[in-house]
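Source file: entry-v4.cif. Holds: mmCIF, C-alpha atoms.
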```cif
data_entry
loop_
_atom_site.label_atom_id
_atom_site.label_comp_id
_atom_site.auth_asym_id
_atom_site.auth_seq_id
_atom_site.Cartn_x
_atom_site.Cartn_y
_atom_site.Cartn_z
CA MET A 1 139.36 123.57 213.23
CA SER A 2 141.65 121.27 215.10
CA LEU A 3 140.67 122.94 218.39
CA LEU A 4 136.98 122.28 217.70
CA ALA A 5 137.70 118.65 216.90
CA ALA A 6 139.76 118.25 220.07
CA GLY A 7 136.97 119.80 222.13
CA GLU A 8 134.38 117.51 220.58
CA GLN A 9 136.54 114.49 221.22
CA SER A 10 137.03 115.53 224.86
CA ARG A 11 133.28 115.97 225.30
CA ARG A 12 132.62 112.50 223.88
CA LYS A 13 135.16 110.99 226.23
CA LYS A 14 133.49 112.63 229.23
CA LEU A 15 130.07 111.37 228.10
CA SER A 16 131.49 107.88 227.65
CA VAL A 17 133.00 107.93 231.15
CA THR A 18 129.69 109.18 232.59
CA HIS A 19 127.74 106.43 230.81
CA ARG A 20 130.14 103.78 232.11
CA ARG A 21 129.77 105.07 235.66
CA VAL A 22 125.98 105.03 235.39
CA ARG A 23 126.01 101.48 234.03
CA SER A 24 128.41 100.43 236.79
CA LYS A 25 126.13 101.89 239.48
CA TRP A 26 123.05 100.19 238.07
CA ALA A 27 124.93 96.90 237.81
CA ALA A 28 125.95 97.23 241.47
CA VAL A 29 122.34 97.99 242.48
CA LEU A 30 121.12 94.94 240.57
CA LEU A 31 123.82 92.73 242.10
CA TYR A 32 123.03 93.83 245.66
CA THR A 33 119.30 93.41 245.05
CA VAL A 34 119.80 89.83 243.88
CA MET A 35 122.13 89.07 246.81
CA ILE A 36 119.68 90.51 249.36
CA GLY A 37 116.82 88.53 247.80
CA LEU A 38 118.79 85.28 247.91
CA GLY A 39 119.84 86.01 251.49
CA LEU A 40 116.24 86.53 252.58
CA LEU A 41 115.24 83.34 250.76
CA LEU A 42 117.91 81.33 252.57
CA LEU A 43 116.87 82.82 255.92
CA THR A 44 113.21 81.84 255.44
CA PRO A 45 113.49 78.40 257.17
CA LEU A 46 115.30 80.00 260.12
CA PHE A 47 112.65 82.70 260.43
CA TRP A 48 109.85 80.12 260.20
CA MET A 49 111.45 78.04 262.97
CA LEU A 50 111.78 81.11 265.19
CA SER A 51 108.21 82.20 264.48
CA THR A 52 106.83 78.72 265.17
CA SER A 53 108.70 78.54 268.48
CA LEU A 54 106.76 81.59 269.70
CA LYS A 55 103.28 80.39 268.69
CA SER A 56 100.69 78.28 270.46
CA MET A 57 99.86 74.84 269.13
CA GLN A 58 96.41 76.05 268.04
CA GLU A 59 97.91 78.83 265.95
CA ILE A 60 100.44 76.46 264.38
CA MET A 61 97.67 74.12 263.25
CA SER A 62 95.40 76.93 262.01
CA TYR A 63 94.80 77.52 258.31
CA PRO A 64 95.90 79.62 256.56
CA PRO A 65 99.19 79.71 258.46
CA THR A 66 100.29 83.00 260.01
CA LEU A 67 103.70 84.50 259.33
CA PHE A 68 104.02 86.22 262.72
CA PRO A 69 102.63 84.93 266.04
CA LYS A 70 99.48 86.72 267.15
CA VAL A 71 100.48 86.24 270.79
CA ILE A 72 104.13 85.66 271.68
CA HIS A 73 104.60 82.62 273.94
CA PHE A 74 108.03 82.84 275.58
CA GLU A 75 106.96 80.10 277.96
CA ASN A 76 107.63 77.63 275.14
CA TYR A 77 111.34 78.13 275.75
CA GLN A 78 110.98 77.67 279.49
CA HIS A 79 109.08 74.41 278.94
CA ALA A 80 111.65 73.13 276.44
CA TRP A 81 114.58 74.11 278.68
CA GLU A 82 113.18 72.41 281.77
CA LYS A 83 111.44 69.41 280.19
CA GLY A 84 114.29 68.70 277.78
CA ASN A 85 117.04 68.97 280.42
CA PHE A 86 118.92 71.34 278.12
CA ALA A 87 120.91 72.84 281.00
CA ARG A 88 122.74 69.55 281.50
CA TYR A 89 123.14 68.97 277.76
CA THR A 90 124.54 72.48 277.31
CA LEU A 91 127.21 71.95 279.98
CA ASN A 92 128.18 68.64 278.39
CA THR A 93 128.43 70.23 274.96
CA LEU A 94 130.47 73.16 276.26
CA LEU A 95 132.88 70.71 277.87
CA LEU A 96 133.31 68.76 274.63
CA ALA A 97 133.64 71.92 272.56
CA GLY A 98 136.13 73.50 274.98
CA VAL A 99 138.40 70.44 275.07
CA GLY A 100 138.07 70.14 271.29
CA VAL A 101 139.13 73.74 270.68
CA PHE A 102 142.10 73.42 273.04
CA SER A 103 143.31 70.13 271.58
CA HIS A 104 142.93 71.15 267.93
CA VAL A 105 144.64 74.51 268.35
CA LEU A 106 147.49 72.98 270.34
CA SER A 107 148.20 69.98 268.12
CA ASN A 108 147.48 71.49 264.71
CA THR A 109 149.58 74.62 265.20
CA PHE A 110 152.46 72.53 266.56
CA VAL A 111 152.48 70.13 263.61
CA ALA A 112 151.93 72.91 261.08
CA TYR A 113 154.94 74.78 262.44
CA GLY A 114 157.11 71.74 261.81
CA PHE A 115 155.90 71.38 258.23
CA ALA A 116 156.24 75.12 257.53
CA LYS A 117 159.45 76.19 259.23
CA ILE A 118 161.60 73.14 260.07
CA ARG A 119 163.71 71.20 257.58
CA PHE A 120 163.93 67.46 258.14
CA PRO A 121 164.31 64.37 255.91
CA GLY A 122 161.08 63.07 254.38
CA LYS A 123 159.08 66.22 255.14
CA LYS A 124 157.46 66.37 251.70
CA LEU A 125 156.58 62.67 251.82
CA LEU A 126 155.03 62.94 255.28
CA PHE A 127 153.10 66.03 254.25
CA SER A 128 151.77 64.24 251.15
CA VAL A 129 150.72 61.24 253.23
CA MET A 130 148.95 63.54 255.67
CA LEU A 131 147.08 65.25 252.83
CA GLY A 132 146.20 61.80 251.45
CA THR A 133 144.30 61.00 254.64
CA MET A 134 141.82 63.72 253.69
CA MET A 135 140.68 61.48 250.83
CA ILE A 136 139.55 58.74 253.24
CA PRO A 137 135.84 59.09 254.18
CA SER A 138 135.29 59.23 257.92
CA PHE A 139 132.74 56.40 257.78
CA VAL A 140 135.42 54.03 256.47
CA THR A 141 137.30 54.26 259.77
CA LEU A 142 134.17 54.25 261.91
CA ILE A 143 134.09 50.52 262.70
CA PRO A 144 137.86 50.15 263.34
CA GLN A 145 137.74 53.16 265.64
CA TYR A 146 134.78 51.74 267.54
CA ILE A 147 136.56 48.40 268.00
CA LEU A 148 139.70 50.21 269.20
CA PHE A 149 137.83 52.36 271.71
CA SER A 150 135.84 49.34 272.85
CA LYS A 151 139.07 47.46 273.57
CA LEU A 152 140.25 50.46 275.59
CA SER A 153 136.95 50.49 277.55
CA TRP A 154 136.25 54.01 276.37
CA ILE A 155 132.64 53.40 275.32
CA ASN A 156 130.15 55.61 277.19
CA THR A 157 132.91 58.09 278.05
CA TYR A 158 134.06 61.33 276.48
CA TYR A 159 137.48 59.93 275.55
CA PRO A 160 136.53 58.90 271.96
CA LEU A 161 135.17 62.42 271.39
CA THR A 162 138.12 64.35 272.87
CA VAL A 163 141.37 62.34 272.70
CA PRO A 164 141.56 62.13 268.85
CA GLY A 165 141.68 65.93 268.75
CA PHE A 166 145.17 65.85 270.26
CA PHE A 167 146.41 63.97 267.19
CA GLY A 168 145.56 66.74 264.75
CA SER A 169 143.37 67.30 261.71
CA ALA A 170 144.84 67.11 258.20
CA PHE A 171 142.78 69.97 256.80
CA GLN A 172 143.45 72.29 259.72
CA ILE A 173 147.18 71.48 259.67
CA PHE A 174 147.24 72.32 255.97
CA LEU A 175 145.37 75.58 256.55
CA ILE A 176 147.67 76.67 259.39
CA ARG A 177 150.78 75.65 257.46
CA GLN A 178 149.77 77.84 254.53
CA PHE A 179 149.33 80.71 256.97
CA PHE A 180 152.69 80.06 258.64
CA LEU A 181 154.43 80.13 255.24
CA THR A 182 153.46 83.79 254.86
CA ILE A 183 155.40 84.70 258.02
CA PRO A 184 158.96 85.75 257.04
CA ASN A 185 161.70 83.25 257.85
CA GLU A 186 163.86 86.15 259.04
CA LEU A 187 161.79 86.24 262.22
CA ILE A 188 162.58 82.57 262.86
CA GLU A 189 166.29 83.17 262.25
CA ALA A 190 166.24 86.16 264.60
CA GLY A 191 164.70 83.99 267.29
CA LYS A 192 167.39 81.35 266.81
CA VAL A 193 170.11 83.99 267.07
CA ASP A 194 168.65 85.05 270.42
CA GLY A 195 168.93 81.45 271.59
CA ALA A 196 165.25 80.51 271.35
CA SER A 197 164.35 76.89 270.69
CA HIS A 198 161.71 75.81 268.19
CA TYR A 199 159.28 75.27 271.06
CA ARG A 200 159.75 78.85 272.26
CA ILE A 201 159.54 80.27 268.72
CA TRP A 202 156.31 78.36 268.14
CA TRP A 203 154.80 79.49 271.44
CA GLN A 204 156.00 83.10 271.73
CA LEU A 205 156.38 84.10 268.08
CA MET A 206 154.25 82.05 265.71
CA LEU A 207 151.09 81.80 267.81
CA PRO A 208 150.77 85.53 268.58
CA LEU A 209 151.24 86.34 264.86
CA SER A 210 148.66 83.76 263.82
CA MET A 211 145.59 84.83 265.77
CA PRO A 212 143.36 85.12 262.65
CA VAL A 213 143.95 81.51 261.57
CA ILE A 214 143.80 80.31 265.19
CA ALA A 215 140.43 82.01 265.55
CA THR A 216 139.32 80.29 262.35
CA ILE A 217 140.39 76.88 263.66
CA ALA A 218 138.71 77.56 267.00
CA ILE A 219 135.42 78.56 265.36
CA MET A 220 135.45 75.55 263.02
CA THR A 221 136.21 73.16 265.87
CA PHE A 222 133.63 74.69 268.18
CA GLN A 223 130.93 74.48 265.51
CA GLY A 224 131.88 70.89 264.72
CA ALA A 225 131.74 69.83 268.38
CA TRP A 226 128.52 71.76 269.01
CA ASN A 227 126.77 70.19 266.02
CA ASP A 228 128.26 66.71 266.40
CA PHE A 229 125.56 64.05 266.29
CA THR A 230 127.22 60.90 264.94
CA GLY A 231 130.02 60.66 267.51
CA PRO A 232 127.89 60.96 270.67
CA LEU A 233 125.24 58.73 269.11
CA ILE A 234 127.79 55.93 268.67
CA TYR A 235 129.86 56.24 271.83
CA ILE A 236 127.51 57.70 274.46
CA ASN A 237 124.80 55.60 276.11
CA SER A 238 124.04 57.40 279.39
CA GLU A 239 121.56 60.27 279.23
CA SER A 240 123.64 62.24 281.74
CA LEU A 241 126.43 62.40 279.14
CA PHE A 242 124.28 63.44 276.16
CA ASN A 243 125.26 66.55 274.21
CA LEU A 244 122.72 69.00 272.80
CA GLN A 245 122.22 67.21 269.48
CA ILE A 246 121.44 63.86 271.08
CA GLY A 247 119.43 65.62 273.78
CA LEU A 248 117.36 67.37 271.15
CA GLN A 249 116.67 64.06 269.45
CA SER A 250 115.64 62.57 272.80
CA PHE A 251 113.41 65.58 273.45
CA LYS A 252 111.86 65.10 270.02
CA GLY A 253 110.85 61.58 271.02
CA THR A 254 108.91 62.87 274.04
CA GLU A 255 107.39 65.93 272.31
CA SER A 256 106.84 64.50 268.83
CA THR A 257 103.55 66.34 268.24
CA GLN A 258 104.29 69.56 270.14
CA TRP A 259 105.84 71.58 267.33
CA HIS A 260 106.15 74.80 269.34
CA TYR A 261 108.26 73.05 271.96
CA LEU A 262 110.36 71.28 269.34
CA MET A 263 111.08 74.53 267.51
CA ALA A 264 111.93 76.23 270.80
CA GLY A 265 114.42 73.45 271.56
CA SER A 266 115.88 73.75 268.07
CA VAL A 267 116.40 77.49 268.50
CA ILE A 268 118.13 76.89 271.84
CA VAL A 269 120.55 74.47 270.14
CA LEU A 270 121.13 76.61 267.06
CA LEU A 271 121.37 80.10 268.54
CA PRO A 272 124.88 79.91 270.13
CA VAL A 273 126.49 78.78 266.87
CA VAL A 274 124.76 81.51 264.88
CA LEU A 275 125.84 84.17 267.38
CA LEU A 276 129.39 82.80 267.42
CA PHE A 277 129.75 83.10 263.67
CA PHE A 278 128.00 86.48 263.61
CA PHE A 279 130.39 88.09 266.09
CA PHE A 280 133.58 86.38 264.90
CA GLN A 281 133.01 86.21 261.14
CA LYS A 282 135.67 88.91 260.65
CA TYR A 283 138.35 86.67 262.14
CA PHE A 284 137.01 83.64 260.29
CA ILE A 285 137.22 85.35 256.89
CA GLU A 286 140.61 86.88 257.67
CA GLY A 287 141.97 83.52 258.78
CA MET A 288 140.86 81.84 255.58
CA ASN A 289 142.93 84.38 253.66
CA ILE A 290 146.44 82.91 253.80
CA THR A 291 147.99 86.27 252.95
CA ALA A 292 146.77 87.71 256.27
CA GLY A 293 149.86 86.33 257.97
CA THR A 294 151.86 89.38 256.92
CA LYS A 295 149.60 91.73 258.87
CA GLY A 296 150.38 93.13 262.28
#
```

Output the file's structure as structure tokens, nothing else.
Amino acid sequence: MSLLAAGEQSRRKKLSVTHRRVRSKWAAVLLYTVMIGLGLLLLTPLFWMLSTSLKSMQEIMSYPPTLFPKVIHFENYQHAWEKGNFARYTLNTLLLAGVGVFSHVLSNTFVAYGFAKIRFPGKKLLFSVMLGTMMIPSFVTLIPQYILFSKLSWINTYYPLTVPGFFGSAFQIFLIRQFFLTIPNELIEAGKVDGASHYRIWWQLMLPLSMPVIATIAIMTFQGAWNDFTGPLIYINSESLFNLQIGLQSFKGTESTQWHYLMAGSVIVLLPVVLLFFFFQKYFIEGMNITAGTKG
């Protein structure tokens, strides 16, 4: 009798496990369906912009509106590129973004190394003060910065948009410091035993081990410089120095009613950032995980 009861109990357990697995699979299917639906919903404006950039003006103004262009007009991009002077604006933006990435990676990793691996008096106080600067809205310092750069005769130059990057960013320093803390101190001590200075340890040891977080900082900085509108609007006056965001706004003023050209210009400005994140999202996500410092 006891054997029959044990067999029945075992059968019930197997059925229970099977039911849980089925429910788990259906829950996963439902979750992925909802996520895919939300993703498609969020991509709708991007798709509409791309579709509009390939239509003629007559098709854009037609009713009911069409989801896909009946005839693809790639010449819209040629017109926007030539009429909007986007070649010049792209070079200017690449220059600003390149200097920004170099300055932020250099300064932020250097300062973060000091906060993470070097003992000195007042370190906790200085770190707290640095974190406190994150609470100050950027617009509060906008006027004092403009007055300072005006006194230095830096208006209508790239200096206000590039030089501050060499003085670090509180958030990025914090992010890199958290990553550096996951790197064992034994490696630092081994470097000191071999006679390496802190500069050499930072350059030859910490940076190679921190490529995920460095890639994250580089992507964030590049996106910020590429999409920067407020800074160039305030400090840049000459059209030859415009970046893509200001150039797109200027192009909008000349093509205010030509929606196909405006959308083509918007795609030109947006596409590099989208591709950058698409190809490097792995490094971005890994860098945001502060425990990734123990890898490799």

Residues selected by the PyMOL selection byres ((chain A and resi 170) around 10), written as a list in words:
Asn108, Val111, Ala112, Phe127, Val129, Met130, Leu131, Gly132, Thr133, Met134, Phe167, Gly168, Ser169, Phe171, Gln172, Ile173, Phe174 and Leu175 of chain A

What lies within 12 Å of Leu207 (chain A) using only C-alpha atoms, ignoring chain neighbours under 4 positions off, as a short mmCIF file (atom, residue, chain, number, x, y, z; two decimals) with C-alpha atoms, in the frame of the given file?
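What landed in part-v1.cif:
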```
data_model
loop_
_atom_site.label_atom_id
_atom_site.label_comp_id
_atom_site.auth_asym_id
_atom_site.auth_seq_id
_atom_site.Cartn_x
_atom_site.Cartn_y
_atom_site.Cartn_z
CA VAL A 105 144.64 74.51 268.35
CA LEU A 106 147.49 72.98 270.34
CA ASN A 108 147.48 71.49 264.71
CA THR A 109 149.58 74.62 265.20
CA PHE A 110 152.46 72.53 266.56
CA ALA A 112 151.93 72.91 261.08
CA TYR A 113 154.94 74.78 262.44
CA ILE A 176 147.67 76.67 259.39
CA PHE A 179 149.33 80.71 256.97
CA PHE A 180 152.69 80.06 258.64
CA ILE A 183 155.40 84.70 258.02
CA TYR A 199 159.28 75.27 271.06
CA ARG A 200 159.75 78.85 272.26
CA ILE A 201 159.54 80.27 268.72
CA TRP A 202 156.31 78.36 268.14
CA TRP A 203 154.80 79.49 271.44
CA MET A 211 145.59 84.83 265.77
CA PRO A 212 143.36 85.12 262.65
CA VAL A 213 143.95 81.51 261.57
CA ILE A 214 143.80 80.31 265.19
CA ALA A 215 140.43 82.01 265.55
CA GLY A 293 149.86 86.33 257.97
#
```

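Between CA of Ala264 (chain A) and CA of Tyr77 (chain A) the separation is 5.3 Å.
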
Distance in Å - CA of Leu262 (chain A) versus CA of Lys70 (chain A)
19.0 Å

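Nearest to Ala218 (chain A) of all the residues A:Gln78, A:Ser24, A:Ser103, A:Thr52 is A:Ser103, counting only C-alpha atoms.
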
Evaluate the PyMOL selection byres ((chain A and resi 157-159) around 8) and report residues as a list in words
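Selection result, ordered by chain and number: Leu96, Trp154, Ile155, Asn156, Pro160, Leu161, Thr162, Val163, Tyr235, Ile236 and Leu241 of chain A.
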
Which of these residues is nearest to Lys117 (chain A), using only C-alpha atoms: A:Met35, A:Ile268, A:Ile285, A:Ile188?
A:Ile188

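Nearest to Gln223 (chain A) of all the residues A:Trp81, A:Phe277, A:Tyr89, A:Tyr63 is A:Phe277, counting all atoms listed in the file.
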
Could you tell me which residues the PyMOL selection byres ((chain A and resi 227-233) around 12) returns for this structure, as a PyMOL selection string?
chain A and resi 89-90+92-94+96-97+100+138-139+142-143+145-146+155-162+164+220-226+234-250+266+269-274

Length of the CA of Ala87 (chain A) to CA of Glu75 (chain A) vector [Å]
16.0 Å

When you count all atoms listed in the file, which of these residues is closest to Leu46 (chain A): A:Met206, A:Ile136, A:Leu275, A:Val267?
A:Val267

Starting from the point (114.5, 71.3, 274.1), work out which residues of protein, DNA or RNA have an atom no more than 6 Å away when counting all atoms listed in the file; state them as a list of chain:residue names.
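It turns out the residues near that spot are A:Ala80, A:Trp81, A:Gly84, A:Phe86, A:Leu248, A:Phe251, A:Gly265.
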